[in-house]
>>> print(open('run-v6.txt').read())   # compact mmCIF, C-alpha atoms
# COMPACT_ATOMS: atom_id res chain seq x y z
CA MET A 1220 -12.37 -1.82 82.54
CA SER A 1221 -11.97 -3.87 85.72
CA ASP A 1222 -11.43 -7.15 83.86
CA TRP A 1223 -8.54 -5.77 81.83
CA THR A 1224 -5.15 -7.44 82.20
CA LEU A 1225 -2.00 -6.70 80.22
CA ASP A 1226 -1.22 -9.17 77.43
CA GLU A 1227 1.63 -11.46 78.43
CA ARG A 1228 3.75 -10.82 75.35
CA LEU A 1229 3.43 -7.03 75.68
CA SER A 1230 4.36 -7.41 79.32
CA ASP A 1231 7.39 -9.57 78.53
CA GLU A 1232 8.76 -7.27 75.85
CA SER A 1233 8.34 -3.90 77.56
CA HIS A 1234 8.76 -2.06 80.86
CA PRO A 1235 6.24 0.12 82.73
CA VAL A 1236 6.66 3.89 82.42
CA ALA A 1237 3.36 5.48 83.49
CA HIS A 1238 -0.25 4.75 84.35
CA LEU A 1239 -2.16 7.32 82.28
CA GLY A 1240 -5.89 8.08 82.41
CA LEU A 1241 -6.84 5.52 79.78
CA SER A 1242 -3.66 3.63 78.94
CA GLU A 1243 -0.63 1.95 80.38
CA LEU A 1244 2.50 3.55 78.94
CA ARG A 1245 5.40 1.15 78.49
CA LEU A 1246 8.91 1.25 76.99
CA GLN A 1247 9.67 -1.47 74.45
CA ASP A 1248 12.80 -3.32 75.52
CA ASP A 1249 14.73 -2.50 72.35
CA CYS A 1250 17.33 0.22 72.59
CA ASN A 1251 17.71 0.32 68.79
CA TYR A 1252 14.98 2.99 68.95
CA PRO A 1253 13.20 5.07 71.57
CA TRP A 1254 9.95 3.07 71.39
CA LEU A 1255 6.88 3.57 73.56
CA ILE A 1256 3.65 1.58 73.65
CA LEU A 1257 0.27 2.81 74.82
CA ILE A 1258 -2.16 0.08 75.87
CA PRO A 1259 -5.69 1.28 76.68
CA ARG A 1260 -7.09 -0.54 79.73
CA VAL A 1261 -10.29 -1.52 77.92
CA HIS A 1262 -11.27 -5.16 78.31
CA GLY A 1263 -11.59 -6.97 74.99
CA ALA A 1264 -10.52 -4.02 72.80
CA SER A 1265 -8.52 -5.11 69.77
CA GLU A 1266 -9.23 -2.37 67.24
CA LEU A 1267 -9.24 1.42 67.60
CA LEU A 1268 -12.88 1.08 66.51
CA ASP A 1269 -13.63 -0.99 69.64
CA LEU A 1270 -13.17 2.13 71.77
CA SER A 1271 -16.00 4.58 72.39
CA ARG A 1272 -15.60 8.06 70.88
CA GLU A 1273 -14.64 9.39 74.31
CA GLN A 1274 -12.00 6.66 74.75
CA GLN A 1275 -10.67 7.33 71.24
CA SER A 1276 -10.30 11.02 72.10
CA GLU A 1277 -8.54 10.19 75.33
CA LEU A 1278 -6.17 7.85 73.50
CA LEU A 1279 -5.47 10.57 70.92
CA ALA A 1280 -4.62 13.00 73.74
CA GLU A 1281 -2.25 10.41 75.26
CA ILE A 1282 -0.61 9.83 71.86
CA ASP A 1283 -0.15 13.58 71.54
CA LEU A 1284 1.28 13.86 75.07
CA CYS A 1285 3.74 11.00 74.59
CA GLY A 1286 4.66 12.07 71.06
CA ARG A 1287 5.53 15.57 72.32
CA ALA A 1288 7.63 14.08 75.12
CA MET A 1289 9.51 11.94 72.60
CA LYS A 1290 10.08 14.88 70.27
CA SER A 1291 11.46 16.96 73.08
CA LEU A 1292 13.63 14.21 74.60
CA PHE A 1293 14.97 12.52 71.47
CA ARG A 1294 14.62 15.09 68.62
CA PRO A 1295 13.81 12.33 66.08
CA ASP A 1296 13.72 12.81 62.33
CA LYS A 1297 10.26 11.20 62.27
CA LEU A 1298 7.72 9.72 64.63
CA ASN A 1299 6.14 6.43 63.56
CA ILE A 1300 2.72 5.90 65.16
CA ALA A 1301 0.88 2.67 64.48
CA THR A 1302 -1.65 0.18 65.72
CA LEU A 1303 -1.13 -3.14 63.94
CA GLY A 1304 -1.95 -6.04 66.26
CA ASN A 1305 -1.52 -8.88 63.79
CA ARG A 1306 0.41 -10.91 66.35
CA VAL A 1307 -0.84 -9.49 69.65
CA PRO A 1308 -4.57 -8.78 69.43
CA GLN A 1309 -4.80 -6.62 72.57
CA LEU A 1310 -5.15 -3.03 71.33
CA HIS A 1311 -1.82 -1.22 71.59
CA VAL A 1312 -0.29 1.80 69.86
CA HIS A 1313 3.39 2.01 68.96
CA LEU A 1314 5.19 5.37 69.11
CA ILE A 1315 8.68 5.04 67.71
CA ALA A 1316 11.24 7.81 67.38
CA ARG A 1317 13.03 7.27 64.08
CA PHE A 1318 16.38 8.63 62.91
CA ARG A 1319 18.03 8.68 59.51
CA HIS A 1320 20.92 6.83 61.14
CA ASP A 1321 18.86 4.13 62.89
CA PRO A 1322 19.40 0.50 61.90
CA THR A 1323 16.28 0.01 59.76
CA TRP A 1324 15.63 3.52 58.38
CA PRO A 1325 13.63 4.21 56.19
CA ASN A 1326 11.81 0.89 56.62
CA PRO A 1327 9.35 0.19 59.41
CA VAL A 1328 10.95 -1.38 62.49
CA TRP A 1329 8.88 -4.52 62.91
CA GLY A 1330 10.39 -7.91 62.22
CA VAL A 1331 13.55 -6.65 60.53
CA ILE A 1332 16.29 -6.94 63.13
CA HIS A 1333 16.47 -8.46 66.59
CA ALA A 1334 15.58 -6.34 69.59
CA LEU A 1335 18.57 -5.06 71.54
CA PRO A 1336 17.58 -5.09 75.22
CA TYR A 1337 18.54 -2.16 77.45
CA THR A 1338 21.21 -2.60 80.07
CA PRO A 1339 19.69 -2.13 83.53
CA GLU A 1340 21.42 1.25 83.90
CA ALA A 1341 20.26 2.53 80.51
CA LEU A 1342 16.74 1.29 81.19
CA VAL A 1343 16.47 3.07 84.52
CA GLU A 1344 17.86 6.26 83.05
CA ARG A 1345 15.49 6.26 80.07
CA VAL A 1346 12.39 5.43 82.13
CA GLU A 1347 13.22 8.08 84.70
CA ARG A 1348 13.75 10.75 82.05
CA LEU A 1349 10.42 9.90 80.45
CA GLN A 1350 8.63 9.90 83.80
CA ARG A 1351 10.12 13.28 84.78
CA LEU A 1352 9.07 14.81 81.47
CA LEU A 1353 5.55 13.36 81.55
CA SER A 1354 4.89 14.45 85.11
CA GLY A 1355 6.41 17.90 84.63
CA MET B 865 -4.86 25.06 53.89
CA SER B 866 -4.90 26.85 50.54
CA ASP B 867 -1.23 26.15 49.78
CA TRP B 868 -1.63 22.40 50.24
CA THR B 869 -0.88 20.14 47.28
CA LEU B 870 -0.81 16.36 47.24
CA ASP B 871 2.66 14.80 47.35
CA GLU B 872 3.66 13.44 43.96
CA ARG B 873 4.53 9.96 45.16
CA LEU B 874 1.26 9.57 47.07
CA SER B 875 -0.54 10.78 43.97
CA ASP B 876 1.31 8.32 41.71
CA GLU B 877 0.68 5.30 43.92
CA SER B 878 -2.99 5.82 44.77
CA HIS B 879 -6.36 6.79 43.32
CA PRO B 880 -8.88 9.37 44.60
CA VAL B 881 -11.87 8.06 46.53
CA ALA B 882 -13.36 11.00 48.45
CA HIS B 883 -12.75 14.58 49.48
CA LEU B 884 -13.52 14.54 53.22
CA GLY B 885 -13.76 17.52 55.56
CA LEU B 886 -10.06 17.51 56.49
CA SER B 887 -8.45 14.84 54.32
CA GLU B 888 -8.23 13.44 50.85
CA LEU B 889 -9.16 9.77 50.92
CA ARG B 890 -7.31 7.64 48.39
CA LEU B 891 -7.02 3.95 47.51
CA GLN B 892 -3.47 2.58 47.36
CA ASP B 893 -2.92 0.95 43.98
CA ASP B 894 -2.11 -2.46 45.43
CA CYS B 895 -4.82 -5.09 45.28
CA ASN B 896 -2.88 -7.39 47.60
CA TYR B 897 -4.82 -5.63 50.37
CA PRO B 898 -7.75 -3.24 50.70
CA TRP B 899 -5.59 -0.20 51.56
CA LEU B 900 -6.80 3.35 52.08
CA ILE B 901 -4.79 6.49 52.74
CA LEU B 902 -6.02 9.64 54.47
CA ILE B 903 -4.02 12.77 53.69
CA PRO B 904 -5.01 15.86 55.70
CA ARG B 905 -4.99 18.98 53.53
CA VAL B 906 -2.79 20.91 55.95
CA HIS B 907 0.14 22.69 54.36
CA GLY B 908 3.50 21.63 55.77
CA ALA B 909 2.11 18.97 58.14
CA SER B 910 4.42 15.99 58.48
CA GLU B 911 3.63 14.67 61.96
CA LEU B 912 0.30 14.06 63.68
CA LEU B 913 1.62 16.57 66.22
CA ASP B 914 1.73 19.25 63.50
CA LEU B 915 -2.09 19.31 63.48
CA SER B 916 -4.10 21.46 65.88
CA ARG B 917 -6.18 19.59 68.46
CA GLU B 918 -9.29 20.29 66.35
CA GLN B 919 -7.61 18.91 63.22
CA GLN B 920 -6.41 15.85 65.15
CA SER B 921 -9.97 15.19 66.29
CA GLU B 922 -11.28 15.59 62.76
CA LEU B 923 -8.65 13.18 61.45
CA LEU B 924 -9.58 10.68 64.18
CA ALA B 925 -13.24 10.91 63.13
CA GLU B 926 -12.23 10.30 59.50
CA ILE B 927 -10.09 7.30 60.53
CA ASP B 928 -13.09 5.96 62.44
CA LEU B 929 -15.44 6.53 59.47
CA CYS B 930 -13.12 4.86 56.96
CA GLY B 931 -12.20 2.05 59.33
CA ARG B 932 -15.88 1.23 59.83
CA ALA B 933 -16.45 1.26 56.08
CA MET B 934 -13.53 -1.14 55.60
CA LYS B 935 -14.76 -3.45 58.34
CA SER B 936 -18.21 -3.57 56.83
CA LEU B 937 -17.03 -4.00 53.21
CA PHE B 938 -14.10 -6.36 53.65
CA ARG B 939 -14.61 -8.10 57.04
CA PRO B 940 -10.86 -8.17 57.74
CA ASP B 941 -9.19 -10.14 60.50
CA LYS B 942 -7.38 -6.97 61.59
CA LEU B 943 -7.11 -3.31 60.66
CA ASN B 944 -3.62 -1.84 60.53
CA ILE B 945 -3.62 1.92 61.07
CA ALA B 946 -0.33 3.79 60.85
CA THR B 947 1.38 7.06 60.13
CA LEU B 948 5.03 6.42 59.31
CA GLY B 949 6.27 8.93 56.72
CA ASN B 950 9.92 7.89 56.64
CA ARG B 951 9.94 8.07 52.84
CA VAL B 952 7.12 10.52 52.09
CA PRO B 953 7.15 13.33 54.64
CA GLN B 954 3.66 14.69 53.83
CA LEU B 955 1.40 13.55 56.69
CA HIS B 956 -0.66 10.54 55.64
CA VAL B 957 -2.40 7.74 57.50
CA HIS B 958 -2.55 4.17 56.19
CA LEU B 959 -5.63 2.04 56.85
CA ILE B 960 -5.04 -1.50 55.69
CA ALA B 961 -7.49 -4.39 55.95
CA ARG B 962 -5.47 -7.47 56.85
CA PHE B 963 -6.38 -11.13 56.49
CA ARG B 964 -4.77 -14.28 57.84
CA HIS B 965 -4.48 -15.42 54.25
CA ASP B 966 -2.96 -12.23 52.82
CA PRO B 967 0.53 -12.42 51.30
CA THR B 968 2.49 -10.83 54.15
CA TRP B 969 0.43 -11.76 57.26
CA PRO B 970 1.31 -11.39 60.13
CA ASN B 971 4.04 -8.96 59.12
CA PRO B 972 3.42 -5.31 58.27
CA VAL B 973 2.82 -4.70 54.56
CA TRP B 974 5.47 -2.10 53.79
CA GLY B 975 8.47 -2.95 51.66
CA VAL B 976 7.95 -6.72 51.70
CA ILE B 977 6.40 -7.59 48.34
CA HIS B 978 5.76 -5.63 45.18
CA ALA B 979 2.48 -3.79 44.78
CA LEU B 980 -0.03 -5.52 42.53
CA PRO B 981 -1.89 -2.79 40.65
CA TYR B 982 -5.65 -3.06 40.18
CA THR B 983 -7.07 -3.82 36.77
CA PRO B 984 -9.16 -0.86 35.54
CA GLU B 985 -12.37 -2.82 36.13
CA ALA B 986 -11.44 -3.91 39.65
CA LEU B 987 -10.33 -0.36 40.49
CA VAL B 988 -13.60 1.20 39.36
CA GLU B 989 -15.62 -1.40 41.22
CA ARG B 990 -13.69 -0.98 44.48
CA VAL B 991 -13.72 2.82 44.38
CA GLU B 992 -17.44 2.91 43.61
CA ARG B 993 -18.27 0.52 46.45
CA LEU B 994 -16.27 2.62 48.88
CA GLN B 995 -17.87 5.84 47.65
CA ARG B 996 -21.37 4.40 47.96
CA LEU B 997 -20.71 3.22 51.49
CA LEU B 998 -19.10 6.48 52.61
CA SER B 999 -21.87 8.64 51.19
CA GLY B 1000 -24.64 6.38 52.52
>>> encode(input="run-v6.txt", output="structure tokens")
Amino acid sequence: MSDWTLDERLSDESHPVAHLGLSELRLQDDCNYPWLILIPRVHGASELLDLSREQQSELLAEIDLCGRAMKSLFRPDKLNIATLGNRVPQLHVHLIARFRHDPTWPNPVWGVIHALPYTPEALVERVERLQRLLSG
Amino acid sequence: MSDWTLDERLSDESHPVAHLGLSELRLQDDCNYPWLILIPRVHGASELLDLSREQQSELLAEIDLCGRAMKSLFRPDKLNIATLGNRVPQLHVHLIARFRHDPTWPNPVWGVIHALPYTPEALVERVERLQRLLSG
């Protein structure tokens, strides 16, 4: 894993939240939705299938952990969980809290409307709440 | 699990491929993409988080199995794996083989173009190839 570095586009479009056992957890800079991204620190991994069974299980546990945190913090109508990677090949998993009143419901979020960046205050508040919940 | 029945819309839009340990495996009736759907036979499950840890692990193993079959059969440029469920609440996981030349690349597939149903011959051929590979 030592050769792993975060993809530049993922880095540009999101903010660090937590360093988990397998993955970096980041917050997508789009306050239209509570939107987390898990990026396993596995050099060269592009597909879920590129992970070993143990790494897949660890990723699943991290998805479960973060999904539960999102459910408890945001009370969404639905969680969208996806690994697409058509534009950014580095393996990453989206966890998006969806609401019947959100701007693209019931469609998927990708490529429909422009991202709405957080204000610095809102960003700090959201990251801190997530960090408190995940470490608690 | 005994009370579980397949959602009507999922049933209408896809064809049975295999009865796996946890999930029904079906082929989406859209020959724009090789597109499989795994539907865990767990009554009332809507989110991945609604499954027990054991069921989550079993689903992950089935995603891995089907993903490997798709990679070997179709040699896609990318696999898209997602559980959204904004329209159909019954828990289901999409596995879609994506190609740089497919009609919506690099966007996600949902809601962009109309489904292109298989001809009966193409459907039978695709389902049989998948079944042979999965049972082999």
>>> interface_residues(input="run-v6.txt", of="chain B", to="chain A", cutoff="7 Å", atoms="all atoms listed in the file", output="PyMOL selection string")
chain B and resi 911+913+928+942-948+950-951+970
>>> residues_around(input="run-v6.txt", residues="Glu926 of chain B", least_positions_apart="4", cutoff="9 Å", atoms="only C-alpha atoms", output="PyMOL selection string")
chain B and resi 884-887+902+921-922+930-931
>>> residues_near_point(input="run-v6.txt", point="(17.7, 2.1, 82.4)", cutoff="12 Å", atoms="only C-alpha atoms", output="number ranges by chain")
A: 1234-1236, 1246-1250, 1336-1349
>>> atom_distance(input="run-v6.txt", atom1="atom CA of Val906 of chain B", atom2="atom CA of Glu877 of chain B")
20.0 Å
>>> atom_distance(input="run-v6.txt", atom1="atom CA of Ser936 of chain B", atom2="atom CA of Leu1310 of chain A")
19.5 Å
>>> atom_distance(input="run-v6.txt", atom1="atom CA of Ser1354 of chain A", atom2="atom CA of Met1289 of chain A")
13.6 Å
>>> closest_residue(input="run-v6.txt", among="A:His1320, A:His1333, A:Arg1351, A:His1311", to="Ala1237 of chain A", atoms="all atoms listed in the file")
A:Arg1351
>>> closest_residue(input="run-v6.txt", among="A:Leu1255, A:Phe1293, A:Asp1321, A:Gln1309", to="Asp1226 of chain A", atoms="all atoms listed in the file")
A:Gln1309
>>> axis_aligned_box(input="run-v6.txt", around="segment 920-928 of chain B", padding_each_side="5 Å", output="AutoDock Vina command-line options")
--center_x -9.8 --center_y 10.9 --center_z 62.9 --size_x 16.8 --size_y 19.9 --size_z 16.8
>>> residues_around(input="run-v6.txt", residues="Asp1222 of chain A", least_positions_apart="4", cutoff="12 Å", atoms="all atoms listed in the file", output="PyMOL selection string")
chain A and resi 1260-1264
>>> build_atoms(input="run-v6.txt", residues="segment 894-929 of chain B", atoms="N, CA and C atoms", output="mmCIF file, keeping the file's coordinate frame")
data_model
loop_
_atom_site.group_PDB
_atom_site.id
_atom_site.type_symbol
_atom_site.label_atom_id
_atom_site.label_comp_id
_atom_site.auth_asym_id
_atom_site.auth_seq_id
_atom_site.Cartn_x
_atom_site.Cartn_y
_atom_site.Cartn_z
ATOM 1 N N ASP B 894 -2.718 -1.177 45.100
ATOM 2 C CA ASP B 894 -2.110 -2.460 45.430
ATOM 3 C C ASP B 894 -3.239 -3.393 45.871
ATOM 4 N N CYS B 895 -3.655 -4.254 44.948
ATOM 5 C CA CYS B 895 -4.820 -5.090 45.280
ATOM 6 C C CYS B 895 -4.442 -6.314 46.096
ATOM 7 N N ASN B 896 -3.201 -6.374 46.604
ATOM 8 C CA ASN B 896 -2.880 -7.390 47.600
ATOM 9 C C ASN B 896 -3.694 -7.206 48.884
ATOM 10 N N TYR B 897 -4.066 -5.943 49.154
ATOM 11 C CA TYR B 897 -4.820 -5.630 50.370
ATOM 12 C C TYR B 897 -5.796 -4.498 50.059
ATOM 13 N N PRO B 898 -6.970 -4.481 50.689
ATOM 14 C CA PRO B 898 -7.750 -3.240 50.700
ATOM 15 C C PRO B 898 -6.973 -2.224 51.539
ATOM 16 N N TRP B 899 -6.580 -1.104 50.922
ATOM 17 C CA TRP B 899 -5.590 -0.200 51.560
ATOM 18 C C TRP B 899 -5.984 1.233 51.233
ATOM 19 N N LEU B 900 -6.424 1.943 52.248
ATOM 20 C CA LEU B 900 -6.800 3.350 52.080
ATOM 21 C C LEU B 900 -5.741 4.257 52.690
ATOM 22 N N ILE B 901 -5.704 5.488 52.180
ATOM 23 C CA ILE B 901 -4.790 6.490 52.740
ATOM 24 C C ILE B 901 -5.565 7.782 52.957
ATOM 25 N N LEU B 902 -5.444 8.324 54.154
ATOM 26 C CA LEU B 902 -6.020 9.640 54.470
ATOM 27 C C LEU B 902 -4.895 10.658 54.496
ATOM 28 N N ILE B 903 -5.059 11.735 53.735
ATOM 29 C CA ILE B 903 -4.020 12.770 53.690
ATOM 30 C C ILE B 903 -4.663 14.107 54.068
ATOM 31 N N PRO B 904 -4.420 14.574 55.294
ATOM 32 C CA PRO B 904 -5.010 15.860 55.700
ATOM 33 C C PRO B 904 -4.484 17.002 54.815
ATOM 34 N N ARG B 905 -5.388 17.856 54.383
ATOM 35 C CA ARG B 905 -4.990 18.980 53.530
ATOM 36 C C ARG B 905 -4.490 20.136 54.398
ATOM 37 N N VAL B 906 -3.368 19.894 55.054
ATOM 38 C CA VAL B 906 -2.790 20.910 55.950
ATOM 39 C C VAL B 906 -1.362 21.162 55.466
ATOM 40 N N HIS B 907 -1.148 22.349 54.947
ATOM 41 C CA HIS B 907 0.140 22.690 54.360
ATOM 42 C C HIS B 907 1.284 22.514 55.363
ATOM 43 N N GLY B 908 2.290 21.763 54.955
ATOM 44 C CA GLY B 908 3.500 21.630 55.770
ATOM 45 C C GLY B 908 3.404 20.582 56.869
ATOM 46 N N ALA B 909 2.238 19.946 57.051
ATOM 47 C CA ALA B 909 2.110 18.970 58.140
ATOM 48 C C ALA B 909 2.825 17.674 57.776
ATOM 49 N N SER B 910 3.653 17.218 58.686
ATOM 50 C CA SER B 910 4.420 15.990 58.480
ATOM 51 C C SER B 910 4.119 14.990 59.598
ATOM 52 N N GLU B 911 3.924 15.493 60.795
ATOM 53 C CA GLU B 911 3.630 14.670 61.960
ATOM 54 C C GLU B 911 2.173 14.889 62.389
ATOM 55 N N LEU B 912 1.603 13.881 63.029
ATOM 56 C CA LEU B 912 0.300 14.060 63.680
ATOM 57 C C LEU B 912 0.335 15.276 64.612
ATOM 58 N N LEU B 913 1.480 15.476 65.259
ATOM 59 C CA LEU B 913 1.620 16.570 66.220
ATOM 60 C C LEU B 913 1.630 17.939 65.543
ATOM 61 N N ASP B 914 1.770 17.961 64.211
ATOM 62 C CA ASP B 914 1.730 19.250 63.500
ATOM 63 C C ASP B 914 0.295 19.749 63.326
ATOM 64 N N LEU B 915 -0.684 18.891 63.579
ATOM 65 C CA LEU B 915 -2.090 19.310 63.480
ATOM 66 C C LEU B 915 -2.529 19.963 64.788
ATOM 67 N N SER B 916 -3.475 20.909 64.672
ATOM 68 C CA SER B 916 -4.100 21.460 65.880
ATOM 69 C C SER B 916 -4.938 20.362 66.541
ATOM 70 N N ARG B 917 -5.351 20.579 67.780
ATOM 71 C CA ARG B 917 -6.180 19.590 68.460
ATOM 72 C C ARG B 917 -7.477 19.343 67.689
ATOM 73 N N GLU B 918 -8.038 20.420 67.114
ATOM 74 C CA GLU B 918 -9.290 20.290 66.350
ATOM 75 C C GLU B 918 -9.042 19.436 65.100
ATOM 76 N N GLN B 919 -7.926 19.687 64.424
ATOM 77 C CA GLN B 919 -7.610 18.910 63.220
ATOM 78 C C GLN B 919 -7.336 17.447 63.581
ATOM 79 N N GLN B 920 -6.653 17.234 64.701
ATOM 80 C CA GLN B 920 -6.410 15.850 65.150
ATOM 81 C C GLN B 920 -7.735 15.124 65.383
ATOM 82 N N SER B 921 -8.678 15.815 66.014
ATOM 83 C CA SER B 921 -9.970 15.190 66.290
ATOM 84 C C SER B 921 -10.713 14.891 64.996
ATOM 85 N N GLU B 922 -10.610 15.812 64.037
ATOM 86 C CA GLU B 922 -11.280 15.590 62.760
ATOM 87 C C GLU B 922 -10.649 14.400 62.036
ATOM 88 N N LEU B 923 -9.334 14.318 62.084
ATOM 89 C CA LEU B 923 -8.650 13.180 61.450
ATOM 90 C C LEU B 923 -9.072 11.866 62.129
ATOM 91 N N LEU B 924 -9.151 11.879 63.457
ATOM 92 C CA LEU B 924 -9.580 10.680 64.180
ATOM 93 C C LEU B 924 -10.987 10.262 63.738
ATOM 94 N N ALA B 925 -11.880 11.227 63.570
ATOM 95 C CA ALA B 925 -13.240 10.910 63.130
ATOM 96 C C ALA B 925 -13.215 10.329 61.710
ATOM 97 N N GLU B 926 -12.323 10.831 60.865
ATOM 98 C CA GLU B 926 -12.230 10.300 59.500
ATOM 99 C C GLU B 926 -11.607 8.898 59.495
ATOM 100 N N ILE B 927 -10.649 8.656 60.385
ATOM 101 C CA ILE B 927 -10.090 7.300 60.530
ATOM 102 C C ILE B 927 -11.199 6.342 60.974
ATOM 103 N N ASP B 928 -11.997 6.792 61.932
ATOM 104 C CA ASP B 928 -13.090 5.960 62.440
ATOM 105 C C ASP B 928 -14.098 5.663 61.319
ATOM 106 N N LEU B 929 -14.477 6.696 60.576
ATOM 107 C CA LEU B 929 -15.440 6.530 59.470
ATOM 108 C C LEU B 929 -14.915 5.528 58.440
#
